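Notes to accompany the following structure.
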Amino acid sequence: AQTVTQSQPEMSVQEAETVTLSCTYDTSESDYYLFWYKQPPSRQMILVIRQEAYKQQNATENRFSVNFQKAAKSFSLKISDSQLGDAAMYFCAYMWGNMLTFGGGTRLMVKP
Amino acid sequence: GAVVSQHPSRVICKSGTSVKIECRSLDFQATTMFWYRQFPKKSLMLMATSNEGSKATYEQGVEKDKFLINHASLTLSTLTVTSAHPEDSSFYICSARAGGYWSQPQHFGDGTRLSIL
């Protein structure tokens with residue numbers, strides 16, 4: 001079974017600074033998808049960024065970028081120029097077939 | 001685009017009551033919908049997958065007679081918690097996927113907080 005591990009239960013960053021959230025996963029598949037979702041206090045799950053495993057180029061969405069290391073099965077999220085609105089739970093997720101497997105989450109706090 | 005509406009957002013009811021939660025895809029057709037459960041400060045756990053017009057596939061450990069899922073149309077799936085008890089109190093989230101290819105991202109509803117007294 002696939003597993004997703006987020007080793008940082010909590011992270012803190014100063015406003016306007018950069019922070020990196022870690023994620024590792026375990027799979028025997030070669031073609032899969034990885035996601036980062038954001039869950040603010042409102043509890044809505046918001047898709048932040050998506051990476052196809054067959055693409056070597058790291059995905060980027062404005063201030064959000066990933067460092068995808070397929071051989072190491074690592075998928076970290078970098079948030080640049082952190083804003084107060086970035087404060088939330090962040091979940092790393094792996095998808096193959098119908099199964100979307102989530103990591104345990106990292107709570108990001110942004111200090112003004 | 002890709003908006004998923006979930007209703008109600010909050011339910012408080014007595015033990016023994018059955019509760020129905022609706023999940024609608026507002027601007028796309030969802031061939032597949034998913035139901036998750038999230039305990040406080042925990043991650044999302046998949047309960048079941050439903051495809052339009054067919055029976056839902058439940059994950060191991062999820063009671064299909066307790067959590068009834070119906071996906072009668074391409075825009076609506078419902079989860080009914082039958083004879084709910086306090087241990088069923090949780091946050092339930094649905095998601096919907098457009099198209100049949102599994103690589104399409106899932107779009108989530110806003111969730112339903114269920115509290116059983």
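Scheme for the structure tokens: letters A, B, ... for chains in order shown; per-chain residue numbers from 1; ligand numbers from 1 in order shown.
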Against range 92-114 of chain B, which residues of range 30-76 of chain B fall within 12 Å? For each one I want the closest pair of atoms and the distance in Å (one decimal), counting only C-alpha atoms, rows by chain and increasing residue number, as CSV.
residue,atom,partner,partner_atom,distance
B:Ala30,CA,B:Ala98,CA,4.6
B:Thr31,CA,B:Gly99,CA,5.9
B:Thr32,CA,B:Arg97,CA,5.5
B:Met33,CA,B:Ala96,CA,4.3
B:Phe34,CA,B:Ser95,CA,5.1
B:Trp35,CA,B:Cys94,CA,4.5
B:Tyr36,CA,B:Ile93,CA,5.1
B:Arg37,CA,B:Tyr92,CA,4.6
B:Gln38,CA,B:Tyr92,CA,6.2
B:Phe39,CA,B:Tyr92,CA,8.9
B:Pro40,CA,B:Arg113,CA,10.7
B:Ser43,CA,B:Ile93,CA,11.4
B:Leu44,CA,B:Ile93,CA,8.3
B:Met45,CA,B:Tyr92,CA,9.6
B:Leu46,CA,B:Ile93,CA,9.4
B:Met47,CA,B:Tyr92,CA,9.5
B:Ala48,CA,B:Cys94,CA,9.8
B:Thr49,CA,B:Ser95,CA,9.6
B:Ser50,CA,B:Ala96,CA,9.6
B:Asn51,CA,B:Gly100,CA,9.5
B:Glu52,CA,B:Gly100,CA,10.8
B:Phe67,CA,B:Tyr92,CA,11.3
B:Ile69,CA,B:Cys94,CA,11.3
B:His71,CA,B:Ala96,CA,11.1
B:Leu74,CA,B:Ala98,CA,9.3
B:Thr75,CA,B:Ala96,CA,8.8
B:Leu76,CA,B:Ala96,CA,9.4
Select from chain A every residue with an atom at most 10 Å from any atom of chain B, then for each give the shortest pair of atoms and their distance in Å to one decimal, using only C-alpha atoms, rows by chain and rising number, as CSV.
residue,atom,partner,partner_atom,distance
A:Asp31,CA,B:Ser103,CA,9.9
A:Tyr32,CA,B:Ser103,CA,7.8
A:Tyr33,CA,B:Ser103,CA,7.0
A:Leu34,CA,B:Pro105,CA,9.8
A:Phe35,CA,B:Pro105,CA,8.7
A:Gln39,CA,B:Asp110,CA,10.0
A:Ser42,CA,B:Asp110,CA,7.8
A:Arg43,CA,B:Asp110,CA,6.5
A:Gln44,CA,B:Asp110,CA,4.5
A:Met45,CA,B:Phe108,CA,5.8
A:Ile46,CA,B:Phe108,CA,7.3
A:Leu47,CA,B:His107,CA,7.7
A:Arg50,CA,B:Pro105,CA,8.4
A:Glu52,CA,B:Ser103,CA,8.8
A:Met89,CA,B:Lys41,CA,9.2
A:Tyr90,CA,B:Ser43,CA,9.9
A:Phe91,CA,B:Ser43,CA,7.7
A:Cys92,CA,B:Ser43,CA,9.9
A:Met95,CA,B:Ser103,CA,7.6
A:Trp96,CA,B:Trp102,CA,7.4
A:Gly97,CA,B:Trp102,CA,5.4
A:Asn98,CA,B:Trp102,CA,5.9
A:Met99,CA,B:Leu46,CA,8.1
A:Leu100,CA,B:Leu46,CA,7.8
A:Thr101,CA,B:Met45,CA,7.8
A:Phe102,CA,B:Leu44,CA,6.5
A:Gly103,CA,B:Ser43,CA,6.6
A:Gly104,CA,B:Ser43,CA,5.0
A:Gly105,CA,B:Ser43,CA,6.3
A:Thr106,CA,B:Ser43,CA,9.9
A:Arg107,CA,B:Lys41,CA,9.4
I'd like the contact shell of range 79-87 of chain A - 6 Å cut-off, only C-alpha atoms, skipping same-chain residues fewer than 5 positions apart - returned as number ranges by chain. A: 15-19, 63-64, 108-110
Write a file of the just-selected residues containing all heavy atoms, as an mmCIF file, in the first residue's frame.
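The result, stored in result36.cif:
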data_model
loop_
_atom_site.group_PDB
_atom_site.id
_atom_site.type_symbol
_atom_site.label_atom_id
_atom_site.label_comp_id
_atom_site.auth_asym_id
_atom_site.auth_seq_id
_atom_site.Cartn_x
_atom_site.Cartn_y
_atom_site.Cartn_z
ATOM 1 N N GLU A 15 6.366 36.411 7.923
ATOM 2 C CA GLU A 15 5.743 36.992 6.735
ATOM 3 C C GLU A 15 6.824 37.496 5.781
ATOM 4 O O GLU A 15 7.816 38.079 6.220
ATOM 5 C CB GLU A 15 4.824 38.134 7.153
ATOM 6 C CG GLU A 15 3.869 38.618 6.075
ATOM 7 C CD GLU A 15 2.918 39.687 6.599
ATOM 8 O OE1 GLU A 15 3.090 40.148 7.753
ATOM 9 O OE2 GLU A 15 2.007 40.065 5.843
ATOM 10 N N ALA A 16 6.615 37.207 4.481
ATOM 11 C CA ALA A 16 7.525 37.600 3.399
ATOM 12 C C ALA A 16 8.731 36.672 3.253
ATOM 13 O O ALA A 16 9.475 36.791 2.277
ATOM 14 C CB ALA A 16 8.006 39.034 3.526
ATOM 15 N N GLU A 17 8.915 35.761 4.201
ATOM 16 C CA GLU A 17 10.023 34.818 4.093
ATOM 17 C C GLU A 17 9.598 33.573 3.307
ATOM 18 O O GLU A 17 8.432 33.437 2.898
ATOM 19 C CB GLU A 17 10.511 34.420 5.480
ATOM 20 C CG GLU A 17 11.085 35.582 6.290
ATOM 21 C CD GLU A 17 12.376 36.104 5.698
ATOM 22 O OE1 GLU A 17 13.281 35.309 5.448
ATOM 23 O OE2 GLU A 17 12.447 37.337 5.462
ATOM 24 N N THR A 18 10.550 32.668 3.134
ATOM 25 C CA THR A 18 10.308 31.435 2.385
ATOM 26 C C THR A 18 10.320 30.247 3.328
ATOM 27 O O THR A 18 11.113 30.200 4.276
ATOM 28 C CB THR A 18 11.398 31.250 1.308
ATOM 29 O OG1 THR A 18 11.286 32.318 0.352
ATOM 30 C CG2 THR A 18 11.233 29.919 0.580
ATOM 31 N N VAL A 19 9.446 29.294 3.069
ATOM 32 C CA VAL A 19 9.376 28.100 3.897
ATOM 33 C C VAL A 19 9.226 26.878 2.991
ATOM 34 O O VAL A 19 8.619 26.970 1.915
ATOM 35 C CB VAL A 19 8.193 28.186 4.880
ATOM 36 C CG1 VAL A 19 6.854 28.213 4.157
ATOM 37 C CG2 VAL A 19 8.224 27.051 5.900
ATOM 38 N N ARG A 63 3.637 31.765 -6.217
ATOM 39 C CA ARG A 63 4.597 31.717 -5.118
ATOM 40 C C ARG A 63 4.876 30.291 -4.628
ATOM 41 O O ARG A 63 5.715 30.092 -3.739
ATOM 42 C CB ARG A 63 4.065 32.541 -3.942
ATOM 43 C CG ARG A 63 3.890 34.013 -4.238
ATOM 44 C CD ARG A 63 3.421 34.787 -3.002
ATOM 45 N NE ARG A 63 2.084 34.377 -2.578
ATOM 46 C CZ ARG A 63 1.861 33.670 -1.490
ATOM 47 N NH1 ARG A 63 2.856 33.278 -0.708
ATOM 48 N NH2 ARG A 63 0.611 33.348 -1.160
ATOM 49 N N PHE A 64 4.184 29.326 -5.201
ATOM 50 C CA PHE A 64 4.323 27.938 -4.767
ATOM 51 C C PHE A 64 5.106 27.141 -5.806
ATOM 52 O O PHE A 64 4.808 27.223 -6.996
ATOM 53 C CB PHE A 64 2.936 27.314 -4.573
ATOM 54 C CG PHE A 64 2.097 28.001 -3.532
ATOM 55 C CD1 PHE A 64 1.287 29.075 -3.869
ATOM 56 C CD2 PHE A 64 2.118 27.584 -2.219
ATOM 57 C CE1 PHE A 64 0.519 29.717 -2.907
ATOM 58 C CE2 PHE A 64 1.345 28.210 -1.246
ATOM 59 C CZ PHE A 64 0.550 29.287 -1.594
ATOM 60 N N LEU A 108 1.008 25.114 9.082
ATOM 61 C CA LEU A 108 1.887 26.252 8.824
ATOM 62 C C LEU A 108 1.352 27.496 9.513
ATOM 63 O O LEU A 108 0.207 27.882 9.324
ATOM 64 C CB LEU A 108 2.010 26.514 7.315
ATOM 65 C CG LEU A 108 2.872 27.718 6.933
ATOM 66 C CD1 LEU A 108 4.332 27.479 7.327
ATOM 67 C CD2 LEU A 108 2.762 28.026 5.452
ATOM 68 N N MET A 109 2.197 28.093 10.312
ATOM 69 C CA MET A 109 1.851 29.359 10.964
ATOM 70 C C MET A 109 2.695 30.462 10.346
ATOM 71 O O MET A 109 3.893 30.269 10.110
ATOM 72 C CB MET A 109 2.104 29.255 12.461
ATOM 73 C CG MET A 109 1.197 28.244 13.144
ATOM 74 S SD MET A 109 1.604 27.962 14.870
ATOM 75 C CE MET A 109 3.058 26.943 14.696
ATOM 76 N N VAL A 110 2.083 31.587 10.095
ATOM 77 C CA VAL A 110 2.769 32.721 9.496
ATOM 78 C C VAL A 110 2.773 33.870 10.498
ATOM 79 O O VAL A 110 1.710 34.343 10.910
ATOM 80 C CB VAL A 110 2.099 33.156 8.178
ATOM 81 C CG1 VAL A 110 2.859 34.316 7.554
ATOM 82 C CG2 VAL A 110 2.012 31.983 7.219
#
Counting only C-alpha atoms, the option among B:Thr17, B:Glu59, B:Arg24, B:Ser90 closest to Ala72 in chain B: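 Going through B:Thr17, B:Glu59, B:Arg24, B:Ser90 one by one, the smallest distance to Ala72 in chain B is for B:Arg24.
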Out of chain A, which residues get strand (DSSP E or B) from DSSP, as a ChimeraX atom specification? /A:3-5,10-14,19-21,24-26,33-39,46-52,60-61,64-69,74-79,88-96,99-102,106-111
So which residues touch Ser28 in chain A within 12 Å, counting only C-alpha atoms, skipping near sequence neighbours fewer than 6 positions away, as an NGL selection string? :A and (1-3 or 70-71 or 73 or 96)
Kindly save the residues from that selection, with N, CA, C and O atoms included, as a compact mmCIF listing (two decimals), in the first residue's frame.
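Output file part16.txt is given in full below:
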# COMPACT_ATOMS: atom_id res chain seq x y z
N ALA A 1 0.84 -1.19 0.00
CA ALA A 1 0.00 0.00 0.00
C ALA A 1 0.88 1.25 0.00
O ALA A 1 1.97 1.26 0.54
N GLN A 2 0.35 2.25 -0.68
CA GLN A 2 1.11 3.49 -0.72
C GLN A 2 0.98 4.23 0.60
O GLN A 2 -0.07 4.23 1.23
N THR A 3 2.06 4.87 1.01
CA THR A 3 2.04 5.69 2.21
C THR A 3 2.65 7.05 1.89
O THR A 3 3.54 7.16 1.04
N LYS A 70 12.11 12.10 -7.86
CA LYS A 70 11.42 10.83 -8.05
C LYS A 70 12.19 9.65 -7.46
O LYS A 70 11.62 8.77 -6.84
N ALA A 71 13.49 9.64 -7.66
CA ALA A 71 14.28 8.51 -7.17
C ALA A 71 14.25 8.45 -5.64
O ALA A 71 14.19 7.37 -5.05
N LYS A 73 11.81 9.65 -3.92
CA LYS A 73 10.39 9.66 -3.53
C LYS A 73 10.12 10.79 -2.56
O LYS A 73 9.55 10.61 -1.47
N TRP A 96 -2.82 7.35 -7.43
CA TRP A 96 -2.66 6.33 -8.47
C TRP A 96 -3.98 5.60 -8.56
O TRP A 96 -4.50 5.14 -7.55
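Take CA of Pro8 in chain B and CA of Trp36 in chain A: the distance between them is 26.1 Å.
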In terms of the shortest atom-to-atom distance over only C-alpha atoms, which of A:Ala93, A:Ala88, A:Leu77, A:Val48 is closest to Thr20 in chain A?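 Comparing A:Ala93, A:Ala88, A:Leu77, A:Val48 against Thr20 in chain A, the winner is A:Leu77.
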All residues 8 Å or closer to Asn67 in chain A, only C-alpha atoms, same chain fewer than 3 positions away omitted, as a VMD selection string: chain A and resid 58 74 to 78
Export, as an mmCIF file, in the first residue's frame, the selected residues with N, CA, C and O atoms.
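Contents of part16.cif, as written:
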data_model
loop_
_atom_site.group_PDB
_atom_site.id
_atom_site.type_symbol
_atom_site.label_atom_id
_atom_site.label_comp_id
_atom_site.auth_asym_id
_atom_site.auth_seq_id
_atom_site.Cartn_x
_atom_site.Cartn_y
_atom_site.Cartn_z
ATOM 1 N N ASN A 58 9.913 20.572 -12.352
ATOM 2 C CA ASN A 58 9.151 20.849 -11.145
ATOM 3 C C ASN A 58 8.004 21.815 -11.433
ATOM 4 O O ASN A 58 8.178 22.819 -12.119
ATOM 5 N N SER A 74 10.548 11.960 -2.990
ATOM 6 C CA SER A 74 10.402 13.155 -2.174
ATOM 7 C C SER A 74 9.674 14.224 -2.971
ATOM 8 O O SER A 74 9.900 14.389 -4.178
ATOM 9 N N PHE A 75 8.828 14.983 -2.294
ATOM 10 C CA PHE A 75 7.984 15.976 -2.972
ATOM 11 C C PHE A 75 7.744 17.130 -2.007
ATOM 12 O O PHE A 75 6.732 17.188 -1.318
ATOM 13 N N SER A 76 8.677 18.059 -1.954
ATOM 14 C CA SER A 76 8.559 19.157 -1.006
ATOM 15 C C SER A 76 7.908 20.375 -1.653
ATOM 16 O O SER A 76 7.990 20.575 -2.873
ATOM 17 N N LEU A 77 7.281 21.171 -0.828
ATOM 18 C CA LEU A 77 6.579 22.386 -1.279
ATOM 19 C C LEU A 77 7.307 23.609 -0.743
ATOM 20 O O LEU A 77 7.534 23.714 0.466
ATOM 21 N N LYS A 78 7.655 24.526 -1.630
ATOM 22 C CA LYS A 78 8.276 25.775 -1.217
ATOM 23 C C LYS A 78 7.284 26.917 -1.414
ATOM 24 O O LYS A 78 6.718 27.070 -2.502
#
Between B:Gln6, B:Ser73, B:Thr80, B:Ser115, which one has atoms that come closest to Gln29 in chain B, using only C-alpha atoms?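 Of the candidates, the smallest distance to Gln29 in chain B is held by B:Ser73.
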